[in-house]
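K.L.:
Pasting target_3.txt here (compact mmCIF, C-alpha atoms):
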# COMPACT_ATOMS: atom_id res chain seq x y z
CA MET D 1 -24.60 -3.78 -20.03
CA PRO D 2 -24.31 -2.73 -23.69
CA ALA D 3 -23.90 0.96 -24.49
CA ILE D 4 -26.93 1.01 -26.77
CA ARG D 5 -30.08 -0.76 -25.65
CA ASN D 6 -33.48 -0.88 -27.27
CA GLN D 7 -37.16 -1.66 -26.72
CA ILE D 8 -37.77 -3.09 -30.17
CA ARG D 9 -39.03 -6.45 -28.95
CA GLU D 10 -41.63 -4.86 -26.64
CA LEU D 11 -42.71 -2.25 -29.19
CA ARG D 12 -42.96 -4.89 -31.90
CA ALA D 13 -44.98 -7.23 -29.67
CA ALA D 14 -47.39 -4.40 -28.79
CA ARG D 15 -48.06 -3.92 -32.51
CA GLU D 16 -48.29 -7.68 -33.19
CA MET D 17 -45.52 -7.27 -35.70
CA THR D 18 -43.21 -10.19 -36.51
CA GLN D 19 -39.44 -9.89 -36.86
CA GLN D 20 -39.83 -10.55 -40.57
CA ASP D 21 -42.45 -7.77 -40.90
CA LEU D 22 -40.09 -5.29 -39.26
CA ALA D 23 -37.14 -6.51 -41.32
CA ASP D 24 -39.12 -6.07 -44.54
CA GLN D 25 -40.17 -2.53 -43.60
CA VAL D 26 -36.66 -1.50 -42.59
CA GLY D 27 -34.88 -3.27 -45.46
CA VAL D 28 -32.67 -5.57 -43.41
CA THR D 29 -32.58 -9.33 -42.86
CA ARG D 30 -34.55 -11.02 -40.07
CA GLN D 31 -31.21 -12.10 -38.58
CA THR D 32 -30.22 -8.43 -38.25
CA VAL D 33 -33.47 -7.63 -36.41
CA ILE D 34 -32.74 -10.55 -34.06
CA ALA D 35 -29.18 -9.28 -33.46
CA ILE D 36 -30.44 -5.74 -32.74
CA GLU D 37 -33.14 -7.01 -30.35
CA GLN D 38 -30.54 -9.05 -28.46
CA ASP D 39 -28.30 -5.94 -28.16
CA LYS D 40 -25.58 -7.78 -30.05
CA TYR D 41 -25.52 -5.36 -32.96
CA SER D 42 -25.85 -1.57 -32.90
CA PRO D 43 -27.42 -0.47 -36.18
CA SER D 44 -26.37 2.55 -38.21
CA LEU D 45 -28.16 5.82 -37.51
CA GLU D 46 -30.10 5.46 -40.75
CA THR D 47 -31.34 1.97 -39.84
CA ALA D 48 -32.15 3.10 -36.29
CA PHE D 49 -34.35 5.89 -37.70
CA LYS D 50 -36.03 3.43 -40.07
CA VAL D 51 -36.76 1.04 -37.17
CA ALA D 52 -38.27 3.87 -35.10
CA LEU D 53 -40.31 5.00 -38.10
CA ALA D 54 -41.59 1.47 -38.75
CA LEU D 55 -42.62 1.14 -35.11
CA GLY D 56 -44.20 4.59 -35.07
CA VAL D 57 -42.10 5.94 -32.21
CA THR D 58 -39.28 8.44 -31.78
CA LEU D 59 -35.66 7.34 -31.83
CA GLU D 60 -35.34 7.95 -28.07
CA GLN D 61 -38.37 5.77 -27.34
CA CYS D 62 -36.79 2.98 -29.33
CA PHE D 63 -33.07 3.26 -28.53
CA GLN D 64 -31.29 4.37 -25.35
CA PHE D 65 -27.64 5.19 -24.90
CA ASP D 66 -25.82 4.30 -21.69
CA PRO D 67 -22.44 6.12 -21.54
CA SER D 68 -21.16 3.70 -18.89
CA GLY D 69 -22.08 0.64 -20.96
CA LYS D 70 -19.53 -1.28 -22.97
CA ARG D 71 -19.44 -1.07 -26.75
CA MET H 1 -30.68 -24.08 -42.56
CA ALA H 2 -33.97 -22.15 -42.56
CA SER H 3 -32.76 -19.78 -39.85
CA LEU H 4 -29.63 -18.90 -41.80
CA SER H 5 -29.49 -15.81 -43.97
CA TYR H 6 -28.61 -16.02 -47.66
CA ARG H 7 -25.08 -14.72 -47.01
CA GLU H 8 -24.53 -17.27 -44.24
CA LYS H 9 -25.64 -20.18 -46.43
CA SER H 10 -23.40 -18.86 -49.19
CA LEU H 11 -20.43 -18.70 -46.79
CA TYR H 12 -20.99 -22.26 -45.57
CA ALA H 13 -21.03 -23.39 -49.20
CA SER H 14 -17.79 -21.48 -49.88
CA LEU H 15 -16.11 -23.01 -46.85
CA ILE H 16 -17.20 -26.52 -47.87
CA ALA H 17 -15.94 -25.95 -51.43
CA GLU H 18 -12.62 -24.59 -50.17
CA VAL H 19 -12.06 -27.47 -47.74
CA VAL H 20 -13.18 -30.16 -50.21
CA ILE H 21 -10.87 -28.91 -52.98
CA TYR H 22 -7.90 -27.37 -51.17
CA VAL H 23 -7.32 -29.86 -48.35
CA PRO H 24 -6.89 -32.93 -50.58
CA TYR H 25 -4.59 -30.91 -52.84
CA PHE H 26 -2.26 -29.79 -50.09
CA PHE H 27 -2.30 -32.92 -47.95
CA LEU H 28 -2.83 -35.82 -50.34
CA HIS H 29 -1.44 -34.97 -53.77
CA GLY H 30 1.65 -32.93 -52.93
CA HIS H 31 2.21 -29.56 -54.54
CA ASP H 32 4.67 -29.72 -57.38
CA SER H 33 2.61 -29.54 -60.55
CA VAL H 34 1.20 -26.55 -62.43
CA ILE H 35 -1.47 -28.81 -63.97
CA LYS H 36 -2.68 -29.84 -60.51
CA VAL H 37 -2.90 -26.20 -59.43
CA ALA H 38 -4.87 -25.35 -62.58
CA ALA H 39 -7.17 -28.34 -62.02
CA MET H 40 -7.76 -27.25 -58.45
CA ILE H 41 -8.66 -23.69 -59.49
CA ILE H 42 -11.07 -24.97 -62.16
CA GLY H 43 -12.50 -27.44 -59.65
CA ILE H 44 -13.21 -24.79 -57.04
CA ILE H 45 -14.82 -22.49 -59.62
CA ILE H 46 -17.14 -25.27 -60.85
CA LEU H 47 -18.04 -26.39 -57.31
CA GLN H 48 -18.67 -22.79 -56.19
CA VAL H 49 -20.91 -22.08 -59.19
CA ILE H 50 -22.97 -25.26 -58.53
CA LEU H 51 -23.31 -24.66 -54.78
CA GLN H 52 -24.07 -20.93 -55.08
CA THR H 53 -26.66 -21.59 -57.81
CA VAL H 54 -28.43 -24.20 -55.66
CA ILE H 55 -28.47 -21.82 -52.68
CA ALA H 56 -29.73 -18.91 -54.80
CA VAL H 57 -32.52 -21.07 -56.23
CA TYR H 58 -33.67 -22.37 -52.83
CA THR H 59 -33.37 -19.08 -50.91
CA ARG H 60 -36.39 -16.86 -51.27
CA ASN H 61 -34.98 -13.77 -49.60
CA ARG H 62 -31.54 -12.88 -51.00
CA LEU H 63 -31.34 -9.51 -49.28
CA THR H 64 -28.00 -8.35 -47.83
CA ASP H 65 -27.77 -5.42 -45.43
CA GLU H 66 -25.32 -3.24 -43.47
CA ARG H 67 -24.56 -6.01 -40.97
CA ASP H 68 -23.64 -8.38 -43.80
CA ARG H 69 -21.26 -5.75 -45.19
CA LEU H 70 -19.69 -5.16 -41.77
CA ILE H 71 -19.17 -8.90 -41.26
CA GLU H 72 -17.68 -9.15 -44.75
CA LEU H 73 -15.16 -6.41 -43.88
CA ARG H 74 -14.25 -8.15 -40.62
CA GLY H 75 -13.64 -11.35 -42.56
CA TYR H 76 -11.37 -9.56 -45.03
CA ARG H 77 -9.45 -8.01 -42.12
CA ALA H 78 -8.89 -11.44 -40.55
CA GLY H 79 -7.83 -12.83 -43.93
CA TYR H 80 -5.43 -9.96 -44.54
CA PHE H 81 -3.76 -10.32 -41.13
CA THR H 82 -3.39 -14.06 -41.70
CA PHE H 83 -1.87 -13.51 -45.14
CA ALA H 84 0.50 -10.78 -43.91
CA SER H 85 1.61 -12.96 -40.96
CA LEU H 86 2.24 -15.95 -43.24
CA MET H 87 4.19 -13.76 -45.68
CA LEU H 88 6.41 -12.49 -42.85
CA LEU H 89 6.94 -16.05 -41.63
CA GLY H 90 7.72 -17.18 -45.18
CA LEU H 91 10.23 -14.36 -45.70
CA ALA H 92 11.88 -15.15 -42.35
CA LEU H 93 12.22 -18.83 -43.33
CA LEU H 94 13.56 -17.81 -46.74
CA TRP H 95 16.15 -15.59 -45.11
CA PHE H 96 17.08 -18.38 -42.68
CA HIS H 97 17.57 -20.97 -45.44
CA ALA H 98 19.51 -18.50 -47.56
CA SER H 99 21.80 -17.64 -44.66
CA ILE H 100 22.74 -21.29 -44.09
CA GLY H 101 23.15 -21.94 -47.81
CA HIS H 102 20.22 -24.33 -48.33
CA LEU H 103 18.50 -22.22 -50.95
CA HIS H 104 18.91 -22.83 -54.69
CA LEU H 105 16.65 -20.31 -56.38
CA ASP H 106 17.91 -21.19 -59.85
CA SER H 107 16.17 -24.58 -60.01
CA ALA H 108 12.78 -24.81 -61.74
CA ARG H 109 11.48 -27.14 -59.05
CA MET H 110 12.28 -24.57 -56.36
CA SER H 111 10.39 -21.86 -58.29
CA LEU H 112 7.36 -24.12 -58.53
CA HIS H 113 7.67 -24.88 -54.83
CA PHE H 114 7.67 -21.15 -54.03
CA LEU H 115 4.60 -20.64 -56.20
CA SER H 116 2.85 -23.45 -54.39
CA VAL H 117 3.76 -22.10 -50.94
CA PHE H 118 2.54 -18.64 -51.95
CA PHE H 119 -0.71 -20.14 -53.23
CA GLY H 120 -1.04 -22.09 -49.97
CA MET H 121 -0.80 -18.82 -48.03
CA LEU H 122 -3.61 -17.38 -50.13
CA VAL H 123 -5.72 -20.49 -49.50
CA ILE H 124 -5.19 -20.35 -45.73
CA ALA H 125 -6.00 -16.62 -45.72
CA ASP H 126 -9.16 -17.26 -47.76
CA ILE H 127 -10.34 -20.04 -45.44
CA THR H 128 -9.59 -17.79 -42.43
CA LYS H 129 -11.65 -15.01 -44.01
CA THR H 130 -14.64 -17.28 -44.58
CA ALA H 131 -14.37 -18.87 -41.12
CA ALA H 132 -14.10 -15.44 -39.44
CA GLN H 133 -17.25 -14.31 -41.24
CA LEU H 134 -19.14 -17.44 -40.16
CA ILE H 135 -18.02 -16.98 -36.55
CA ALA H 136 -19.21 -13.35 -36.69
CA TYR H 137 -22.61 -14.51 -37.95
CA ARG H 138 -22.88 -17.15 -35.19
CA ARG H 139 -22.06 -14.54 -32.54
CA ALA H 140 -24.72 -12.29 -34.10
CA LEU H 141 -21.93 -10.00 -35.31
Translate the structure described by the file into structure tokens.
P.N.:
Amino acid sequence: MPAIRNQIRELRAAREMTQQDLADQVGVTRQTVIAIEQDKYSPSLETAFKVALALGVTLEQCFQFDPSGKR
Amino acid sequence: MASLSYREKSLYASLIAEVVIYVPYFFLHGHDSVIKVAAMIIGIIILQVILQTVIAVYTRNRLTDERDRLIELRGYRAGYFTFASLMLLGLALLWFHASIGHLHLDSARMSLHFLSVFFGMLVIADITKTAAQLIAYRRAL
């Protein structure tokens, strides 16, 4: 399991927001949103905050850290 | 191509340009002429300008982000390690040939040969850099 996991896909679906919508709000490419959702890329703290802000949730609701997970 | 980001399309174009220009030079035409090296450099610049312009015109979203920058750095790291390894190998071969007396550094042809080998190392490192970046994009990082 990856060290940092997220609920972006579920949160985005609940708000009927597309990957492109989220990417535009955060200021990243759609490919980066896809990579984050698939737990293949851990964003910077700044981007993580922007994602949480765009989804209207706290950082902890959006991202979780598993100390036993691999980086 | 629609699912590719602007940077990824640009990298594919760079790789195509590098392979199309460099490979024929090193494997078909030999490498003993300054004019051929100059023609190759001009050729790659022209091809890159054409390809990058076409991609820029046909790509609506030309945004680059932190992940693009991280992938770019990884590519440069791969390219640097390749170049450093080739330089070490080249120096070892140079030392070997010098030690057995097969090296004649005073000839103009030998100097040109060294220049060409050095340029070849740069080309291989550049192609490695671009390929490493494309692999990182395909693996999502």
K.L.:
Counting only C-alpha atoms, collect the residues of chain H whose closest atom lies at most 9 Å from chain D, and write them out as a ChimeraX atom specification.
P.N.:
/H:3-5,61-68,137,139-141
K.L.:
By how many Å are atom CA of H:Ala84 and atom CA of H:Ala132 apart?
P.N.:
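Distance between the two atoms: 16.0 Å.
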K.L.:
Give as a PyMOL selection string every residue, naming chains and numbers as the document does, that has an atom within 12 Å of (-35.7, 9.4, -27.6), counting only C-alpha atoms.
P.N.:
chain D and resi 5-7+48-49+52+57-65
K.L.:
Write out as number ranges by chain which residues come within 10 Å of H:Leu86 when counting all atoms listed in the file, dropping same-chain ones fewer than 5 positions away.
P.N.:
H: 80-81, 91-92, 117-118, 120-122, 124-125
K.L.:
Using only C-alpha atoms - which residues lie no farther than 8 Å from the point (-42.2, -0.9, -40.4) in the file's frame? Write them as a PyMOL selection string.
P.N.:
chain D and resi 21-26+50-51+53-56
K.L.:
How many Å separate atom CA of H:Thr130 from atom CA of H:Ser14?
P.N.:
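About the pair atom CA of H:Thr130 and atom CA of H:Ser14: they are 7.5 Å apart.
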K.L.:
Please return the centre and edge lengths, in Å to one decimal, of a box with edges along x, y and z that contains all listed atoms of stretch 59-67 of chain H, widened by 3 Å on every side, as AutoDock Vina command-line options.
P.N.:
--center_x -30.5 --center_y -11.2 --center_z -46.1 --size_x 17.8 --size_y 21.8 --size_z 16.3
K.L.:
What is the atom CA of H:Ile42-atom CA of H:Arg7 distance in Å, reported with one decimal?
P.N.:
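So the answer is 23.0 Å.
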K.L.:
Select, from H:Val57, H:Phe119, H:Gln52, H:Ile44, the residue with the minimum atom-to-atom distance to H:Tyr12, counting only C-alpha atoms.
P.N.:
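For H:Tyr12, the nearest of the candidates is H:Gln52.
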K.L.:
Give me the residues within 12 Å of H:Ile16 as a ChimeraX atom specification, counting all atoms listed in the file and dropping any in the same chain fewer than 4 places off.
P.N.:
/H:9-12,20-23,44,47-48,51-52,127,130-131
